[in-house]
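Colleague: The structure's right below; bear with me while I get my questions together.
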There are 2 protein chains.
Amino acid sequence: MTSEEFRQCGRDVIDWIADYYERIETFSVLSQVQPGQIRASLPSTPPLQGEAFETILDDVDKQIIPGITHWQSPNFFAFFPANTSGPAILGELLAAGLGVQGMLWSTSPACTELETHVLDWLVDMLGLPIKFKSDASGGGVIQDSASSASLCALLAARERVTDYDSNQRGCDGRLVAYASSQTHSSIEKAVKIAGIGFRNLHLIEVDDHFRLRPDALARQVKQDRQAGLIPFFVCATVGTTSANAIDPLTAIGPICQKEGLWLHVDAAMSGTAALCPEYRYIHDGLELADSYCFNPHKWMFTNFDCDCFYVADRAILIKTLSVLPEYLRNKASESGAVIDYRDWHIPLGRRFRSLKLWFVIRYYGIEGLRYHIRRHVELAQKFAKWVEASDRFELTAPVPLNLVCFRHMGGDTFNQLLLDGLNQSGRLYLTHTMLNDQFVLRFCVGQTYTAEHHVHKAWQLIQATAAELESK
Amino acid sequence: MTSEEFRQCGRDVIDWIADYYERIETFSVLSQVQPGQIRASLPSTPPLQGEAFETILDDVDKQIIPGITHWQSPNFFAFFPANTSGPAILGELLAAGLGVQGMLWSTSPACTELETHVLDWLVDMLGLPIKFKSDASGGGVIQDSASSASLCALLAARERVTDYDSNQRGCDGRLVAYASSQTHSSIEKAVKIAGIGFRNLHLIEVDDHFRLRPDALARQVKQDRQAGLIPFFVCATVGTTSANAIDPLTAIGPICQKEGLWLHVDAAMSGTAALCPEYRYIHDGLELADSYCFNPHKWMFTNFDCDCFYVADRAILIKTLSVLPEYLRNKASESGAVIDYRDWHIPLGRRFRSLKLWFVIRYYGIEGLRYHIRRHVELAQKFAKWVEASDRFELTAPVPLNLVCFRHMGGDTFNQLLLDGLNQSGRLYLTHTMLNDQFVLRFCVGQTYTAEHHVHKAWQLIQATAAELESK
């Protein structure tokens, strides 16, 4: 592709994206295609000769768009958001254009140093403990996802408790990890991957706000020690996936400290709220955590993937993941004066992801980011009030931030039908969970362009769809 | 960012990238900054108020570019390439613009189906065994890197041999994995992560072409069984990192089959060569492999990250990595008619990476891709001939494809000084390895825009720098 062609095709793609956001509300939020429908529209064999870029871009409209679930629609209230923004998209573009691979400091010093710098900025921006900064004993690194971050935390914890032995000789089936019954499924996945075995993940019961019960944790640890097992890792959550519960770190931390357990705090969804001083309480007690992560790719306008993972002791993480073959040796690494991020995560290679994060922080500024976070929380709180005021719906969990769990009084089947009806309408997208054995709808406000009228229309549609179902 | 602002800033970034490629040869290929130099140029605190996009883009030139090692320079001959192209960059841009998260089929059917489709195409394009196709028992998935792909292969192998027990109860320290002494370091990393322990990775000696010795493998497996250990996994390589050696799959496969070992074939670098029928011999014997991967982000003009990972039996991979919490349940998944790629890799979330791969395959066409691969091989072969004809330099390994391992006759210290001198000149970038306990330079041709004159100039510079060193 010549330079001139790149300029022209590039403009076309930029315009395509701008047009896409202008017409995004005309699409069904949840794609309505049937399994196999997209593949059926694609040619069965790849082209022998190259095709014009224009043709390919046309086919995006024809063959791809029908199969898109529009995560960036302001009517997307499902799961947790994976929001983005103009500066993030352009940061990703620039990273792709530069095409550097930052596995070692020397393979692009700016890729490493900007990342360290921006992750240090974020410690201050969220008011996190300074031990997570790179000029203390810790440091931050961008991971693809909280799943990978939690895995790295678990591996470092395994390394610490077995004093390198699990790394050398493998696991012995006695290590036990803890999480609450509401903890994200990635912890179970990590425990399986790390050779701990999922039966050695002991799930702790929660209180009536869906928060991990510290007394139950302490009891279980004691019991496991008596049974000859080796407790070593606890994952606490700031903003659980089902109900946005915030585990009591102030009580969990001292238990972990006393028992010598690694405390990982997964704030993937809700950590971003700490940009606003009034929500910093969600991190109370984080001082005793060994590791922490939150996802700018969820709620901080930075497109997936961008999880920020912090450790209090970077030495143990590096010891866990470092392998040094001859072909990666270089003077900068051997001087000890630089960070080689390849030793901070699972893959060897890595993109220049801090660029988009830097773009977002600079373009919005701290105040700009706070503005949008506050707006989302306010809209969710408004929605929660409407639910509370209704005689047909009820809240099923507290609403600390931007997720509302609610249900119609009509029972599980009714709520499942209600969910299906809403999602099939294409006008919004919601997902569900189970809380106290009840089928519950989740309404999460976090898409960049969601405004009050979107939330208001959503509530009207929910009420109307329910009324229609009631009348059947 | 308004639509109009996005269009304007987007054009600016597109032009910035086009300009960058036009001036890329004016930069030092290897960044010459000192540790900490980039950070020192950045403000210590993030901005409270947002800044103009223009200012941020200006700062890329001022603060970032000095710390870039230019992977996309035609004078980049280091490591393995991580090449890219116009259509790949624009595919990545479009994926960022759409901002979909394809963890489940339902969260964007097109993200899943295009990926399955393009990975099936690639089975045909490379002439891989059809068992790796999605309409057979297998299937392909895009991973971030071969490191992650190898880890997934190892986990599925662990699952198979322990009949789910390692997943439930953890590892027991008796599992043994095999690779050659030349296998990529990611296998050791995977073995550590999976709780196997690196002492249970038994490295098999290589022949004088740096290829794994099947007889030595068979002997070691026998010995390990006699010692009460449980052999379960072999990684063979098509194109080793140090010397581009191609392990003899035709001899390794039958050993794995007889012994019930999972055979993973890592063709991260060289697999792409099989686009050309004349190089397909590199995959001879692949029929007996359980899993396979190659990296379009190395040598197929698709920017990092894009590793294509295939399994012959998708059921075991899914069983290994699947965890199903209530909040991810949905009708499409439960129908069994769709693929949910979250169960095929470590992270839960995922970008729409098949878009850039689709763009590249369509824009170049099979013939276009072959043209560039043949050109790279031809240039490397030319370089190898120059080395051979020289009385001061020698080849240190066979040159099957596009990597030349060579050294000056002057010994290890001389070659280290030569490497340093070349890289400090900024005019090219080479890396080294150790082969037969000798310090060896690696010259890999794989950057998209590398032409004959770049290779020729490189050889002249290498000779001139050596002559200067000789005269000191």
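Numbering starts fresh at 1 for the residues of each chain in the structure tokens, the chains themselves are lettered A, B, ... in the order given, and ligands are numbered from 1 as they appear.
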From a backbone DSSP assignment, name each residue in region 167-308 of chain A labelled alpha helix (DSSP H), as a ChimeraX atom specification.

Modeller: /A:167-169,186-193,214-226,249-259,296-299

Colleague: May I have the selected residues written with C-alpha atoms, as an mmCIF file, in the first residue's frame?

Modeller:
data_model
loop_
_atom_site.group_PDB
_atom_site.id
_atom_site.type_symbol
_atom_site.label_atom_id
_atom_site.label_comp_id
_atom_site.auth_asym_id
_atom_site.auth_seq_id
_atom_site.Cartn_x
_atom_site.Cartn_y
_atom_site.Cartn_z
ATOM 1 C CA ASN A 167 8.132 -23.096 39.939
ATOM 2 C CA GLN A 168 10.912 -25.650 39.966
ATOM 3 C CA ARG A 169 9.157 -28.875 40.827
ATOM 4 C CA SER A 186 -11.510 -15.703 36.142
ATOM 5 C CA ILE A 187 -10.221 -16.707 39.586
ATOM 6 C CA GLU A 188 -11.464 -20.254 39.086
ATOM 7 C CA LYS A 189 -9.878 -20.212 35.625
ATOM 8 C CA ALA A 190 -6.578 -18.972 37.075
ATOM 9 C CA VAL A 191 -6.587 -21.621 39.780
ATOM 10 C CA LYS A 192 -7.059 -24.300 37.123
ATOM 11 C CA ILE A 193 -4.359 -22.882 34.848
ATOM 12 C CA PRO A 214 -14.312 -11.885 56.806
ATOM 13 C CA ASP A 215 -15.340 -14.073 59.754
ATOM 14 C CA ALA A 216 -16.137 -16.920 57.387
ATOM 15 C CA LEU A 217 -12.779 -16.442 55.655
ATOM 16 C CA ALA A 218 -10.871 -16.580 58.939
ATOM 17 C CA ARG A 219 -12.758 -19.707 59.972
ATOM 18 C CA GLN A 220 -12.133 -21.479 56.674
ATOM 19 C CA VAL A 221 -8.407 -20.674 56.696
ATOM 20 C CA LYS A 222 -8.089 -22.082 60.195
ATOM 21 C CA GLN A 223 -9.977 -25.216 59.250
ATOM 22 C CA ASP A 224 -7.856 -25.746 56.131
ATOM 23 C CA ARG A 225 -4.621 -25.399 58.084
ATOM 24 C CA GLN A 226 -5.843 -27.972 60.549
ATOM 25 C CA LEU A 249 -10.866 -4.805 52.555
ATOM 26 C CA THR A 250 -10.325 -3.242 55.982
ATOM 27 C CA ALA A 251 -11.351 -6.523 57.609
ATOM 28 C CA ILE A 252 -9.922 -8.901 54.992
ATOM 29 C CA GLY A 253 -6.458 -7.299 54.899
ATOM 30 C CA PRO A 254 -5.548 -7.976 58.539
ATOM 31 C CA ILE A 255 -6.602 -11.632 58.195
ATOM 32 C CA CYS A 256 -4.335 -12.013 55.167
ATOM 33 C CA GLN A 257 -1.502 -10.278 56.969
ATOM 34 C CA LYS A 258 -1.824 -12.429 60.065
ATOM 35 C CA GLU A 259 -2.054 -15.633 58.049
ATOM 36 C CA PRO A 296 -9.544 1.477 31.953
ATOM 37 C CA HIS A 297 -11.019 -0.618 29.121
ATOM 38 C CA LYS A 298 -14.208 -1.018 31.069
ATOM 39 C CA TRP A 299 -15.106 2.393 32.389
#

Colleague: Please identify all residues of chain A having at least one atom at most 6 Å from any atom of chain B, considering only C-alpha atoms, and return them as number ranges by chain.

Modeller: A: 1, 3, 10-11, 14, 17-18, 39, 47-51, 64, 67-69, 71, 86, 89, 93, 96-97, 100, 107-110, 113, 147-148, 166-173, 192-199, 326-327, 347, 362-367, 432-433

Colleague: If we count only C-alpha atoms and set the cut-off at 8 Å, which residues sit around Ala380 (chain B), ignoring sequence neighbours fewer than 4 positions away in its own chain? Please answer as a ChimeraX atom specification.

Modeller: /B:376,384,401-404,443-445

Colleague: Write the selection just made, keeping C-alpha atoms, as a tab-separated table (two decimals), in the first residue's frame?

Modeller:
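Output contents, as saved in out00.tsv:
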chain	number	residue	atom	x	y	z
B	376	HIS	CA	12.38	-12.02	1.82
B	384	ALA	CA	24.01	-15.86	3.07
B	401	LEU	CA	14.43	-19.54	4.91
B	402	ASN	CA	14.95	-15.90	5.89
B	403	LEU	CA	17.30	-16.01	8.89
B	404	VAL	CA	21.07	-15.94	8.48
B	443	PHE	CA	20.28	-11.34	10.32
B	444	CYS	CA	16.58	-11.81	9.71
B	445	VAL	CA	14.86	-10.43	6.60
